[in-house]
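protein.cif (mmCIF, C-alpha atoms)
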data_final
loop_
_atom_site.label_atom_id
_atom_site.label_comp_id
_atom_site.auth_asym_id
_atom_site.auth_seq_id
_atom_site.Cartn_x
_atom_site.Cartn_y
_atom_site.Cartn_z
CA CYS S 17 0.00 0.00 0.00
CA TRP S 18 1.48 3.30 -1.12
CA PHE S 19 0.44 5.12 2.04
CA GLY S 20 2.85 3.22 4.24
CA ARG S 21 2.12 -0.45 4.83
CA ARG S 22 5.36 -2.04 5.91
CA GLY S 23 6.45 -5.44 4.70
CA SER S 24 5.08 -7.60 7.48
CA SER S 25 4.33 -11.23 6.75
CA LEU S 26 0.75 -11.93 7.80
CA LYS S 27 -0.07 -15.57 8.39
CA HIS S 28 -3.63 -16.83 7.88
CA SER S 29 -4.81 -20.08 9.35
CA GLN S 30 -7.25 -20.65 6.48
CA LYS S 31 -7.37 -19.83 2.81
CA GLY S 32 -8.86 -16.49 1.85
CA PRO S 33 -12.12 -15.89 0.02
CA ARG S 34 -12.61 -17.30 -3.45
CA SER S 35 -14.57 -14.22 -4.44
CA LEU S 36 -15.15 -10.73 -3.12
CA ARG S 37 -18.79 -10.87 -4.13
CA GLY S 38 -20.95 -11.42 -1.07
CA THR S 39 -24.54 -10.86 -0.10
CA HIS S 40 -26.10 -7.42 -0.23
CA PRO S 41 -24.17 -5.34 2.35
CA PRO S 42 -26.28 -4.24 5.34
CA SER S 43 -27.31 -0.60 5.44
CA ILE S 44 -29.09 1.81 7.80
CA ASP S 45 -31.87 0.11 9.81
CA ASP S 46 -30.59 -3.36 8.87
CA GLU S 47 -29.45 -5.68 11.63
CA PHE S 48 -25.67 -5.78 11.94
CA PRO S 49 -24.34 -9.35 11.81
CA ASN S 50 -23.11 -10.84 15.05
CA LEU S 51 -19.32 -11.10 15.21
CA ARG S 52 -18.21 -14.38 16.73
CA GLY S 53 -14.60 -15.44 17.02
CA HIS S 54 -11.24 -14.22 18.29
CA THR S 55 -10.17 -10.86 19.64
CA GLN S 56 -6.90 -10.02 21.38
CA LEU S 57 -8.82 -10.33 24.68
CA ASP S 58 -11.16 -13.29 24.11
CA ASP S 59 -11.03 -16.56 22.19
CA ASP S 60 -14.82 -16.82 22.20
CA PHE S 61 -15.98 -13.29 21.49
CA ASP S 62 -19.66 -12.63 20.78
CA LEU S 63 -20.54 -9.09 19.71
CA TYR S 64 -24.17 -9.28 20.82
CA GLU S 65 -23.21 -10.54 24.27
CA TYR S 66 -20.51 -7.87 24.55
CA LEU S 67 -22.95 -5.09 23.72
CA GLY S 68 -25.74 -6.47 25.89
CA ASP S 69 -29.33 -5.27 25.61
CA ASP S 70 -28.92 -1.56 26.37
CA SER S 71 -25.59 -0.37 24.92
CA TRP S 72 -24.93 1.34 21.64
CA GLY S 73 -22.05 -0.02 19.58
CA LEU S 74 -19.24 1.46 17.51
CA VAL S 75 -17.62 -1.04 15.16
CA PHE S 76 -14.81 0.38 13.07
CA MET S 77 -12.58 -1.45 10.60
CA HIS S 78 -8.94 -0.71 9.83
CA PRO S 79 -7.05 -2.16 6.85
CA ASP S 80 -3.99 -3.61 8.55
CA ASP S 81 -2.08 -3.83 11.82
CA PHE S 82 1.38 -2.25 12.12
CA THR S 83 0.58 0.52 9.61
CA PRO S 84 0.94 4.27 10.28
CA VAL S 85 -2.58 5.61 9.68
CA CYS S 86 -4.22 2.71 11.51
CA THR S 87 -1.85 3.14 14.45
CA THR S 88 -2.87 6.79 14.88
CA GLU S 89 -6.56 5.89 14.54
CA LEU S 90 -6.51 3.13 17.14
CA GLY S 91 -4.54 5.35 19.50
CA GLN S 92 -7.05 8.17 19.18
CA ALA S 93 -9.95 5.76 19.63
CA ALA S 94 -8.29 4.39 22.77
CA LYS S 95 -7.86 7.88 24.23
CA MET S 96 -11.53 8.64 23.59
CA GLN S 97 -12.93 5.37 24.91
CA ASP S 98 -14.11 6.99 28.15
CA GLU S 99 -15.99 9.69 26.20
CA PHE S 100 -17.83 7.03 24.24
CA ALA S 101 -18.51 5.10 27.45
CA LYS S 102 -20.19 8.20 28.93
CA ARG S 103 -22.63 7.93 26.05
CA ASN S 104 -23.20 4.21 26.69
CA VAL S 105 -21.25 3.26 23.56
CA LYS S 106 -19.03 0.17 23.50
CA MET S 107 -16.21 0.17 20.95
CA VAL S 108 -15.00 -2.72 18.81
CA GLY S 109 -12.10 -2.60 16.38
CA TYR S 110 -11.88 -4.95 13.41
CA SER S 111 -9.40 -6.09 10.79
CA CYS S 112 -8.39 -9.12 8.78
CA ASN S 113 -5.30 -9.73 10.93
CA ASP S 114 -5.22 -12.53 13.49
CA HIS S 115 -5.78 -11.89 17.19
CA GLN S 116 -2.14 -12.48 18.16
CA THR S 117 -1.04 -9.74 15.74
CA HIS S 118 -3.56 -7.40 17.37
CA TRP S 119 -2.07 -8.06 20.79
CA HIS S 120 1.51 -7.30 19.75
CA TRP S 121 0.46 -4.19 17.81
CA ILE S 122 -1.19 -2.64 20.88
CA LYS S 123 2.25 -2.03 22.40
CA ASP S 124 3.26 0.04 19.38
CA ILE S 125 -0.01 1.98 19.50
CA PHE S 126 0.61 2.96 23.11
CA ILE S 127 4.21 4.09 22.53
CA ALA S 128 3.27 6.01 19.37
CA THR S 129 0.11 7.75 20.62
CA GLY S 130 -0.18 7.34 24.39
CA GLY S 131 -3.51 5.59 23.93
CA TYR S 132 -3.86 2.12 25.44
CA VAL S 133 -6.40 -0.04 23.63
CA ARG S 134 -8.76 -1.65 26.13
CA PHE S 135 -11.58 -2.48 23.74
CA PRO S 136 -11.64 -5.72 21.71
CA ILE S 137 -10.27 -5.84 18.17
CA PHE S 138 -12.07 -8.53 16.21
CA ALA S 139 -9.97 -10.79 13.99
CA ASP S 140 -11.32 -11.85 10.60
CA PRO S 141 -8.33 -13.42 8.79
CA THR S 142 -10.60 -15.53 6.54
CA ARG S 143 -12.53 -12.39 5.42
CA GLN S 144 -15.82 -14.22 6.01
CA THR S 145 -17.55 -11.31 7.75
CA ALA S 146 -15.79 -8.71 5.60
CA ILE S 147 -17.37 -10.26 2.50
CA GLN S 148 -20.78 -10.23 4.14
CA LEU S 149 -20.36 -6.54 5.00
CA GLY S 150 -18.95 -5.63 1.58
CA ILE S 151 -15.95 -3.78 3.06
CA LEU S 152 -13.02 -5.35 1.20
CA ASP S 153 -10.78 -3.15 -0.93
CA LYS S 154 -9.70 -5.07 -4.02
CA SER S 155 -6.98 -2.50 -4.75
CA ALA S 156 -5.14 -3.07 -1.45
CA LYS S 157 -3.82 -6.51 -0.56
CA ASP S 158 -1.61 -8.12 2.06
CA ASP S 159 1.57 -10.10 1.44
CA GLU S 160 -0.46 -13.18 0.50
CA GLY S 161 -2.47 -11.28 -2.07
CA LEU S 162 -5.65 -11.16 0.01
CA PRO S 163 -7.68 -7.92 0.07
CA LEU S 164 -7.69 -5.66 3.11
CA THR S 165 -10.66 -3.86 4.61
CA LEU S 166 -11.70 -0.28 3.98
CA ARG S 167 -11.98 2.17 6.88
CA ALA S 168 -15.64 1.42 7.54
CA VAL S 169 -17.57 2.73 10.56
CA TYR S 170 -20.83 1.36 11.93
CA VAL S 171 -22.82 2.91 14.77
CA LEU S 172 -25.26 0.38 16.21
CA LYS S 173 -28.40 0.98 18.23
CA PRO S 174 -29.13 -1.16 21.29
CA ASP S 175 -31.36 -3.40 19.13
CA LYS S 176 -28.26 -4.15 16.95
CA THR S 177 -29.60 -2.30 13.92
CA ILE S 178 -27.34 0.08 12.03
CA ALA S 179 -27.91 3.73 12.87
CA LEU S 180 -25.12 5.04 10.64
CA THR S 181 -22.41 3.78 8.35
CA MET S 182 -19.43 5.61 6.83
CA THR S 183 -16.57 4.45 4.62
CA TYR S 184 -13.19 6.14 4.31
CA PRO S 185 -10.44 5.34 1.81
CA MET S 186 -7.30 3.71 3.12
CA SER S 187 -5.24 6.88 2.75
CA THR S 188 -7.49 9.03 4.97
CA GLY S 189 -7.57 8.72 8.74
CA ARG S 190 -10.90 9.14 10.50
CA ASN S 191 -11.90 12.05 12.71
CA PHE S 192 -13.05 10.50 15.98
CA ASP S 193 -14.30 13.84 17.26
CA GLU S 194 -16.71 13.77 14.32
CA ILE S 195 -17.74 10.20 15.14
CA LEU S 196 -18.43 11.30 18.72
CA ARG S 197 -20.50 14.22 17.41
CA ILE S 198 -22.43 11.78 15.22
CA VAL S 199 -23.21 9.62 18.25
CA ASP S 200 -24.48 12.69 20.12
CA ALA S 201 -26.73 13.58 17.18
CA LEU S 202 -28.05 10.05 16.74
CA GLN S 203 -28.88 9.61 20.40
CA LEU S 204 -30.53 13.02 20.60
CA THR S 205 -32.73 12.50 17.56
CA GLU S 206 -33.60 8.98 18.69
CA LYS S 207 -35.03 10.36 21.94
CA HIS S 208 -36.56 13.68 20.85
CA SER S 209 -38.67 14.87 17.89
CA VAL S 210 -35.81 16.85 16.38
CA ALA S 211 -33.18 16.71 13.66
CA THR S 212 -29.71 18.27 13.64
CA PRO S 213 -28.72 20.95 11.09
CA ALA S 214 -25.42 21.21 9.25
CA ASN S 215 -22.34 21.58 11.47
CA TRP S 216 -24.41 21.03 14.61
CA THR S 217 -22.60 20.43 17.88
CA PRO S 218 -24.17 19.65 21.28
CA GLY S 219 -25.80 22.68 22.85
CA LYS S 220 -26.66 24.40 19.58
CA ASP S 221 -30.19 24.79 18.27
CA VAL S 222 -31.79 21.81 16.56
CA ILE S 223 -34.55 21.53 13.97
CA VAL S 224 -38.15 20.64 14.80
CA ASN S 225 -39.09 17.42 13.00
CA LEU S 226 -40.90 17.94 9.71
CA GLY S 227 -43.51 15.42 10.86
CA LEU S 228 -44.86 17.92 13.42
CA ASP S 229 -47.10 20.76 12.30
CA ASP S 230 -46.91 24.09 14.15
CA GLU S 231 -49.71 23.19 16.56
CA GLN S 232 -47.98 19.93 17.44
CA ALA S 233 -44.70 21.82 17.84
CA ASP S 234 -46.44 24.09 20.36
CA GLU S 235 -47.60 21.02 22.29
CA LYS S 236 -44.16 19.40 22.15
CA PHE S 237 -41.87 22.35 22.83
CA GLY S 238 -44.18 25.05 24.17
CA SER S 239 -45.65 27.95 22.23
CA ASP S 240 -42.55 30.04 22.92
CA GLY S 241 -40.13 27.10 22.60
CA TRP S 242 -39.43 27.27 18.88
CA ARG S 243 -39.00 29.78 16.08
CA ALA S 244 -39.71 29.66 12.36
CA ILE S 245 -37.48 30.98 9.59
CA GLN S 246 -39.18 33.19 7.00
CA LEU S 247 -38.80 31.56 3.61
CA PRO S 248 -39.86 32.83 0.17
CA SER S 249 -41.75 29.68 -0.74
CA GLU S 250 -43.90 29.96 2.38
CA MET S 251 -44.49 33.67 1.81
CA GLU S 252 -46.02 32.78 -1.58
CA LYS S 253 -48.20 30.11 0.00
CA ARG S 254 -49.38 32.59 2.58
CA LYS S 255 -50.28 35.16 -0.07
CA LYS S 256 -52.44 32.55 -1.80
CA LEU S 257 -54.13 31.65 1.48
CA ILE S 258 -54.85 35.29 2.22
CA ALA S 259 -56.29 35.85 -1.26
CA GLU S 260 -58.51 32.80 -0.94
CA ALA S 261 -59.63 33.83 2.55
CA GLU S 262 -60.43 37.36 1.41
CA GLU S 263 -62.54 36.03 -1.45
CA MET S 264 -64.41 33.69 0.89
CA ALA S 265 -65.00 36.55 3.32
CA LYS S 266 -66.50 38.68 0.54
CA ASN S 267 -68.78 35.87 -0.52
CA ASP S 268 -69.87 35.20 3.04
CA ALA S 269 -70.56 38.89 3.64
CA SER S 270 -73.12 39.10 0.85
CA GLY S 271 -76.64 38.63 2.18
CA LYS S 272 -75.48 38.32 5.82
CA GLU S 273 -76.12 41.78 7.18
CA GLY S 274 -75.69 42.08 10.90
CA GLU S 275 -73.45 38.98 11.18
CA ASP S 276 -69.77 39.10 12.05
CA THR S 277 -68.09 38.52 8.71
CA ALA S 278 -64.80 40.26 9.53
CA PHE S 279 -61.86 38.94 7.60
CA LYS S 280 -59.62 36.63 9.66
CA GLU S 281 -56.07 36.32 8.36
CA PRO S 282 -55.11 32.65 7.97
CA LEU S 283 -51.99 31.17 9.45
CA LEU S 284 -49.77 28.58 7.85
CA LYS S 285 -50.32 25.20 9.49
CA GLN S 286 -46.65 24.37 9.26
CA HIS S 287 -43.38 26.17 8.66
CA TYR S 288 -40.86 23.69 7.38
CA LEU S 289 -37.70 25.18 8.92
CA ARG S 290 -38.12 25.66 12.66
CA TYR S 291 -35.46 25.78 15.37
CA THR S 292 -35.68 24.86 19.02
CA PRO S 293 -32.99 24.72 21.74
CA ASP S 294 -31.12 21.46 22.10
CA PRO S 295 -33.40 19.40 24.38
CA GLY S 296 -30.37 17.41 25.50
CA ARG S 297 -28.75 20.51 27.02
CA SER S 298 -31.12 22.53 29.18
CA SER S 299 -28.75 25.49 29.11
CA GLY S 300 -27.63 24.96 25.52
CA GLN S 301 -27.53 27.95 23.23
CA GLY S 302 -27.13 27.82 19.48
CA GLY S 303 -27.71 29.73 16.32
CA ASP S 304 -28.48 33.23 17.54
CA GLY S 305 -28.63 31.96 21.11
CA LYS S 306 -32.41 31.83 21.53
CA ALA S 307 -35.38 29.82 20.45
CA GLY S 308 -37.57 32.86 19.90
CA THR S 309 -40.92 33.78 21.34
CA VAL S 310 -44.49 33.29 20.25
CA GLU S 311 -44.65 37.02 19.49
CA GLU S 312 -41.71 36.66 17.10
CA LYS S 313 -43.48 33.78 15.39
CA LYS S 314 -46.58 35.94 14.96
CA ASN S 315 -44.43 38.68 13.52
CA ASP S 316 -42.90 36.15 11.11
CA ASP S 317 -46.39 35.23 9.91
CA ALA S 318 -47.45 38.85 9.61
CA ALA S 319 -44.32 39.73 7.64
CA SER S 320 -44.95 36.92 5.20
#

As structure tokens - that is how I would like this structure written.
Amino acid sequence: CWFGRRGSSLKHSQKGPRSLRGTHPPSIDDEFPNLRGHTQLDDDFDLYEYLGDDSWGLVFMHPDDFTPVCTTELGQAAKMQDEFAKRNVKMVGYSCNDHQTHWHWIKDIFIATGGYVRFPIFADPTRQTAIQLGILDKSAKDDEGLPLTLRAVYVLKPDKTIALTMTYPMSTGRNFDEILRIVDALQLTEKHSVATPANWTPGKDVIVNLGLDDEQADEKFGSDGWRAIQLPSEMEKRKKLIAEAEEMAKNDASGKEGEDTAFKEPLLKQHYLRYTPDPGRSSGQGGDGKAGTVEEKKNDDAAS
């Protein structure tokens, strides 16, 4: 590998895969396959048992032991293990090396990065699970000519389904701060009726789910707990509603002397871009630092 794989001789106890073509790789909301086999810590590892019933999981693949990029990645992951644990996330490394190679490599990782790997690193020297996951890189091979894995990342929910998957090329190390941010976003949106905007970080404003209309947003977050953004498309919709309401009011007024036929300006049932403070951080501030008030929302409607 041009990015720095050194000439180590990897020994495999069984022959490699006859073909790289496997079943359809699992995607978001699919169940992640159980990993059973060797790690550097356990000869009878079972991923589902390791995660238990309540923990989230982070399974991340690296192409090869004793390589520079992978060494920095595993070291950074090791140093951040406690941060992931605070979020009830258990980490699992993975490569096509054998478990004894993993164990010896950990010493190098510690000296190079200061991070001591305490989480299991699954060994898949036969590539059986790698084929099933569709994560083999045919352009990068070990000394025996067998393909190595891509830098794949899987975040698993407690029910073992995939919440997120990412794939990096072999030449690009992963940003574990970003992976931690992703976990924060996934756990927040799993619990609350919100979505996270671009470049969101914990404590910043989040987006009210599109599935909630404005009345439901009032019930969920409070009438002064969210704010809508004025958008041209909604201004046009509102103009049409006003025109239709004015016409209906004129028609109703004819022949109804003495009745209250005053024109009532309609309100949009739903603004599609609405912000609310991060419900995971009671003191969190984001965007312009406020969620807005019901009066501001009325002004938004009046302006449109």

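Using all atoms listed in the file, the shortest contact distance between Tyr184 in chain S and any of S:Lys123, S:Ile223, S:Ile151, S:Leu172 is found at S:Ile151.
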
Contact residues around range 285-291 of chain S with all atoms listed in the file at 7 Å, ignoring same-chain residues under 3 positions, as a PyMOL selection string: chain S and resi 221-224+226+229-230+242-245+307

Separation of CA of Thr83 in chain S from CA of Ile127 in chain S in Å: 13.9 Å

Evaluate the PyMOL selection byres ((chain S and resi 186) around 12) and report residues as a VMD selection string: chain S and resid 17 to 21 77 to 80 83 to 86 89 151 to 157 164 to 168 183 to 185 187 to 190

Residues matched by the PyMOL selection byres ((chain S and resi 107) around 10) as a ChimeraX atom specification: /S:66-67,72-76,93-94,97,100-101,104-106,108-109,134-137,171

Might I get the box with edges along x, y and z of the file that holds all atoms of range 109-118 of chain S listed there, padded by 3 Å on every side, given as centre and edge lengths in Å to one decimal, as AutoDock Vina command-line options?
--center_x -6.6 --center_y -7.6 --center_z 13.5 --size_x 17.1 --size_y 15.9 --size_z 15.4

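Atom to atom, CA of His118 in chain S and CA of Phe192 in chain S stand 20.3 Å apart.
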
Between CA of Gly296 in chain S and CA of Gly219 in chain S - distance in Å to one decimal: 7.5 Å

Residues matched by the PyMOL selection byres ((chain S and resi 214) around 12), written as a ChimeraX atom specification: /S:197-198,201,211-213,215-217,220-223,303

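The residue that comes closest to Gly68 in chain S, out of S:Gln92, S:Pro293, S:Val210, S:Lys173 and on the basis of only C-alpha atoms, is S:Lys173.
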
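Nearest residue to His208 in chain S, choosing from S:Ala139, S:Gln246, S:Pro295, S:Ile178 and counting all atoms listed in the file: S:Pro295.
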
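Each of S:Arg52, S:His40, S:His115, S:Asp294 was checked against Gly150 in chain S using only C-alpha atoms; the smallest atom-to-atom distance is that of S:His40.
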
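Each of S:Ala146, S:Val199, S:Val133, S:Met182 was compared to Arg103 in chain S using only C-alpha atoms, and S:Val199 turns out to be the nearest.
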
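Closest approach to Thr88 in chain S from the set S:Gln232, S:Ser71, S:Thr129, S:Thr177 is made by S:Thr129, with distances taken over only C-alpha atoms.
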
Residue neighbourhood His120 in chain S, 12 Å, only C-alpha atoms, exclusion window fewer than 2 positions, as an mmCIF file with C-alpha atoms, in the frame of the given file:
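File produced: selection_12.cif:
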data_model
loop_
_atom_site.group_PDB
_atom_site.id
_atom_site.type_symbol
_atom_site.label_atom_id
_atom_site.label_comp_id
_atom_site.auth_asym_id
_atom_site.auth_seq_id
_atom_site.Cartn_x
_atom_site.Cartn_y
_atom_site.Cartn_z
ATOM 1 C CA GLN S 56 -6.900 -10.020 21.380
ATOM 2 C CA LEU S 57 -8.820 -10.330 24.680
ATOM 3 C CA ASP S 81 -2.080 -3.830 11.820
ATOM 4 C CA PHE S 82 1.380 -2.250 12.120
ATOM 5 C CA ASN S 113 -5.300 -9.730 10.930
ATOM 6 C CA ASP S 114 -5.220 -12.530 13.490
ATOM 7 C CA HIS S 115 -5.780 -11.890 17.190
ATOM 8 C CA GLN S 116 -2.140 -12.480 18.160
ATOM 9 C CA THR S 117 -1.040 -9.740 15.740
ATOM 10 C CA HIS S 118 -3.560 -7.400 17.370
ATOM 11 C CA ILE S 122 -1.190 -2.640 20.880
ATOM 12 C CA LYS S 123 2.250 -2.030 22.400
ATOM 13 C CA ASP S 124 3.260 0.040 19.380
ATOM 14 C CA ILE S 125 -0.010 1.980 19.500
ATOM 15 C CA PHE S 126 0.610 2.960 23.110
ATOM 16 C CA VAL S 133 -6.400 -0.040 23.630
ATOM 17 C CA ILE S 137 -10.270 -5.840 18.170
#
